[in-house]
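A.B. asks: Input: one structure, supplied below.
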Amino acid sequence: MQDNAALDPENRALYAEILRAPAGYDLDAALATTYTLDFETALVVPATLAFHAAENRQETLDTPLALLEGLERLSARIAIFCEAGRIKAVPKGANRLTALLEETVTEVTAPRDGAFHPKLWLLRFTPIGGHGRPRLRLALLSRNLTTDASWDLSLSLDGAATTALREENAPLVKLVRALPGLASGRPTPDRVKDMVTFLADELARAEWDKPEHIRSIRFAVNGLTDDVWRPRIGRTLGIISPFVTDKALVTLTRGIDPAKACLLSRAEELAILQPETLARFDQIAVLDEMAETEDGDEGEEDGSGPVPARGLHAKAFITERYSSTEITIGSGNATAPALISGTNVEVFATLSGYTKDIGTVQDQMSPERLGRFLREFAPFDHPDTLVEKAAEQRLDAVRRDLATSDPMLRCEEEDEGRIRLFLSSRTEVAVPEGIRLRLWPIVAGIEHGISLRSLYDREHLLARLALKDVTRWIGVNLVDDESGLELTFTLGTELVDLPYARTAEILRALIENRTAFLRYIRLLLADVSDAAKALFSAGRDGSLSGTFGTGQDAPILEDMVRALSGDGRQLRDIERLVTRLSDPDTGRSDVIPEDFLHLWQTFQAVISEKTQ
């Protein structure tokens, strides 16, 4: 947030900027919370953190070795918590690298039967070379960890842990400490529990660098207890919220002159509000469809366009109190579950500064800033909305039952390395009449699925798969016959009796020949930014032979010698790779050149001497 243009869509911040380490620092640990999640974004994030040149999402997705190395380097340092049953589905078959996210993603449920809805990043960076203090970064967003390109708001704060507890961080600390205990079905892995505890301790002592003109920052969290926080009443009120309910809007505007209240939301949400609720606002607006970019227009991929496509997702509450303006941003909509009953888990940050510096509510909504992308809301009948909402509620009830049923996948080995997957659950789920259920293993795709009417402790044969295609994730498709509405999502299970060699099989599928092996060795050895540039300039279908081909053996040898004189991390990475790709009995591999194996044996001998 800069000067008094806090809500100006020209102030663009990309996800890559939020995740990028400060100069001279490396990522030590990262924690994220989100309502919904898609696997593509979850795969891109480690690569973005590992390769500072990985700015383009599609280029990263088109470079499997970069995705693999990002996961190999950083998946053990990243923890993602999302609402159970809210991972987006991949009906045509998912990238098998999603298997490497199994310990990274933990599905949770809200403790008061609402939605787990916070969008938060907490990152810790350590200085390269070990000299200096670690740095912390806190990012509160209105967007989920998905490909959604709606207009959003984010607050990114940098700081460091002090020696004293900082009371203002207490609500956030409480949320972070609560996360492992919210796990649905499959317990939070011990590694993630340890990371959460460590980051919570750091957060408790964090002092943040405030944005310009901001005098104070207050945090709040709803949904963990019966205490419900909501924005303070002032003499004016501006509400930006894609989802709204009558009860929340009436409560928030109580005592405020309608002439000093304005509301920005989605047209379909405003259309079903009561007239008396709308009368509480003098100015009611929606995003102007003519101001939104079309799919594929320049600016959508890199975020350089004037306003993002696909509508509104930002949430903000702006009020003036005495000589100050307060801007609250975060995950919560102006709805009853977020701000009245407080059943949703939500996170908020309120920034306060002098009105003369930040501006008034009208300043923020003026034509010079956000207002140029808005148009006045024109009421209209929306008869289908109530029917759609009723169908959504029916499907969502089944989704929640499935997500909390403790599903389990059991592996059983067959001949020729194939695996039979048996699905069951510890809690009974009966699908109501008029709703159809189909489930499938996500790497295989929906055509390999089965249809069920109930799911309980009796096992159902879900599929027969190659070991490299086995993950703990299953796709779910629900269809409401009355309305025709469909709901498709991914559900995590507890995966038991998984053969130990699964990760090695995934590696062999990606590193399918000697050329790919040498590319990966160069990636492990090279400077991160140079390696990333080479990978992404080639792309998925381009040739990397000029950089990683067999004619480059001399640079590989030089880089290995250089790594030997350093901290040895890259050589440990190579040792792990060679072990996974080699036959445990013969030590040979179809994808590792014999010359490299002989070279590696020499390095192993030197490494052994150095460690004695």
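Every chain in the structure tokens takes a letter, A first, then B, and so on in the order presented; its residues are numbered from 1, and the ligands are numbered from 1 following the presented order.
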Please extract the residues of region 20-64 of chain A with a backbone DSSP assignment of alpha helix (DSSP H) and present them as a PyMOL selection string.
C.D. replies: chain A and resi 39-50+57-61+64
A.B. asks: What would the file look like if the residues just selected were written as a PDB file, in the first residue's frame with C-alpha atoms?
C.D. replies:
ATOM      1  CA  PHE A  39      -2.436 -28.623  -7.735  1.00  0.00           C
ATOM      2  CA  GLU A  40      -0.852 -26.627 -10.557  1.00  0.00           C
ATOM      3  CA  THR A  41      -0.363 -23.624  -8.279  1.00  0.00           C
ATOM      4  CA  ALA A  42       0.873 -25.842  -5.450  1.00  0.00           C
ATOM      5  CA  LEU A  43       3.480 -27.308  -7.834  1.00  0.00           C
ATOM      6  CA  VAL A  44       4.560 -23.921  -9.171  1.00  0.00           C
ATOM      7  CA  VAL A  45       5.111 -22.349  -5.733  1.00  0.00           C
ATOM      8  CA  PRO A  46       8.193 -24.449  -4.773  1.00  0.00           C
ATOM      9  CA  ALA A  47       9.703 -23.831  -8.219  1.00  0.00           C
ATOM     10  CA  THR A  48       9.061 -20.091  -7.849  1.00  0.00           C
ATOM     11  CA  LEU A  49      10.777 -20.121  -4.474  1.00  0.00           C
ATOM     12  CA  ALA A  50      13.687 -22.250  -5.710  1.00  0.00           C
ATOM     13  CA  ARG A  57       3.484 -19.795 -14.447  1.00  0.00           C
ATOM     14  CA  GLN A  58       2.938 -21.628 -17.742  1.00  0.00           C
ATOM     15  CA  GLU A  59       6.656 -21.855 -18.527  1.00  0.00           C
ATOM     16  CA  THR A  60       7.190 -23.379 -15.111  1.00  0.00           C
ATOM     17  CA  LEU A  61       4.392 -25.914 -15.616  1.00  0.00           C
ATOM     18  CA  PRO A  64       8.813 -30.825 -15.397  1.00  0.00           C
TER      19      PRO A  64
END
A.B. asks: So that I can see what lies close to Arg191 (chain A), please list as a JSON list (two decimals) with N, CA and C atoms, in the first residue's frame the residues with an atom at most 10 Å from it, counting only C-alpha atoms and leaving out residues fewer than 5 positions away in the same chain.
C.D. replies:
[["chain", "number", "residue", "atom", "x", "y", "z"],
["A", 76, "ALA", "N", 9.90, -29.99, 1.78],
["A", 76, "ALA", "CA", 10.04, -30.25, 3.22],
["A", 76, "ALA", "C", 10.04, -28.97, 4.04],
["A", 77, "ARG", "N", 10.11, -27.81, 3.38],
["A", 77, "ARG", "CA", 10.11, -26.54, 4.09],
["A", 77, "ARG", "C", 8.82, -25.76, 3.89],
["A", 79, "ALA", "N", 4.50, -25.82, 4.19],
["A", 79, "ALA", "CA", 3.29, -26.45, 4.72],
["A", 79, "ALA", "C", 2.09, -25.65, 4.26],
["A", 103, "GLU", "N", 2.80, -34.81, 1.69],
["A", 103, "GLU", "CA", 3.17, -34.39, 3.03],
["A", 103, "GLU", "C", 3.12, -32.87, 3.19],
["A", 104, "THR", "N", 2.98, -32.16, 2.08],
["A", 104, "THR", "CA", 2.98, -30.70, 2.12],
["A", 104, "THR", "C", 1.59, -30.14, 2.41],
["A", 196, "VAL", "N", 5.25, -25.65, 12.21],
["A", 196, "VAL", "CA", 4.23, -24.72, 12.67],
["A", 196, "VAL", "C", 4.59, -24.16, 14.05]]
A.B. asks: Might you pull out every residue within 8 Å of Trp229 (chain A), with only C-alpha atoms counted and same-chain residues fewer than 2 positions away left off, and present them as a ChimeraX atom specification?
C.D. replies: /A:220-222,227,231,339,342
A.B. asks: Do a neighbour search on region 280-287 of chain A at 10 Å with only C-alpha atoms, toss out local chain neighbours closer than 3 positions, and write the hits as JSON, numbers by chain.
C.D. replies: {"A": [151, 237, 238, 239, 240, 242, 249, 250, 253, 254, 256, 257, 258, 259, 260, 261, 262, 263, 264, 265, 266, 267, 268, 270, 275, 276, 277, 290, 291, 292, 307, 310, 311, 312, 365, 370, 371, 372, 373, 374, 375, 376, 377, 378]}
A.B. asks: So which residues touch Ala430 (chain A) within 7 Å, counting only C-alpha atoms, skipping near sequence neighbours fewer than 6 positions away, as a list in words?
C.D. replies: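 So, after excluding close chain neighbours, the residues are Arg453, Ser454 and Leu455 of chain A.
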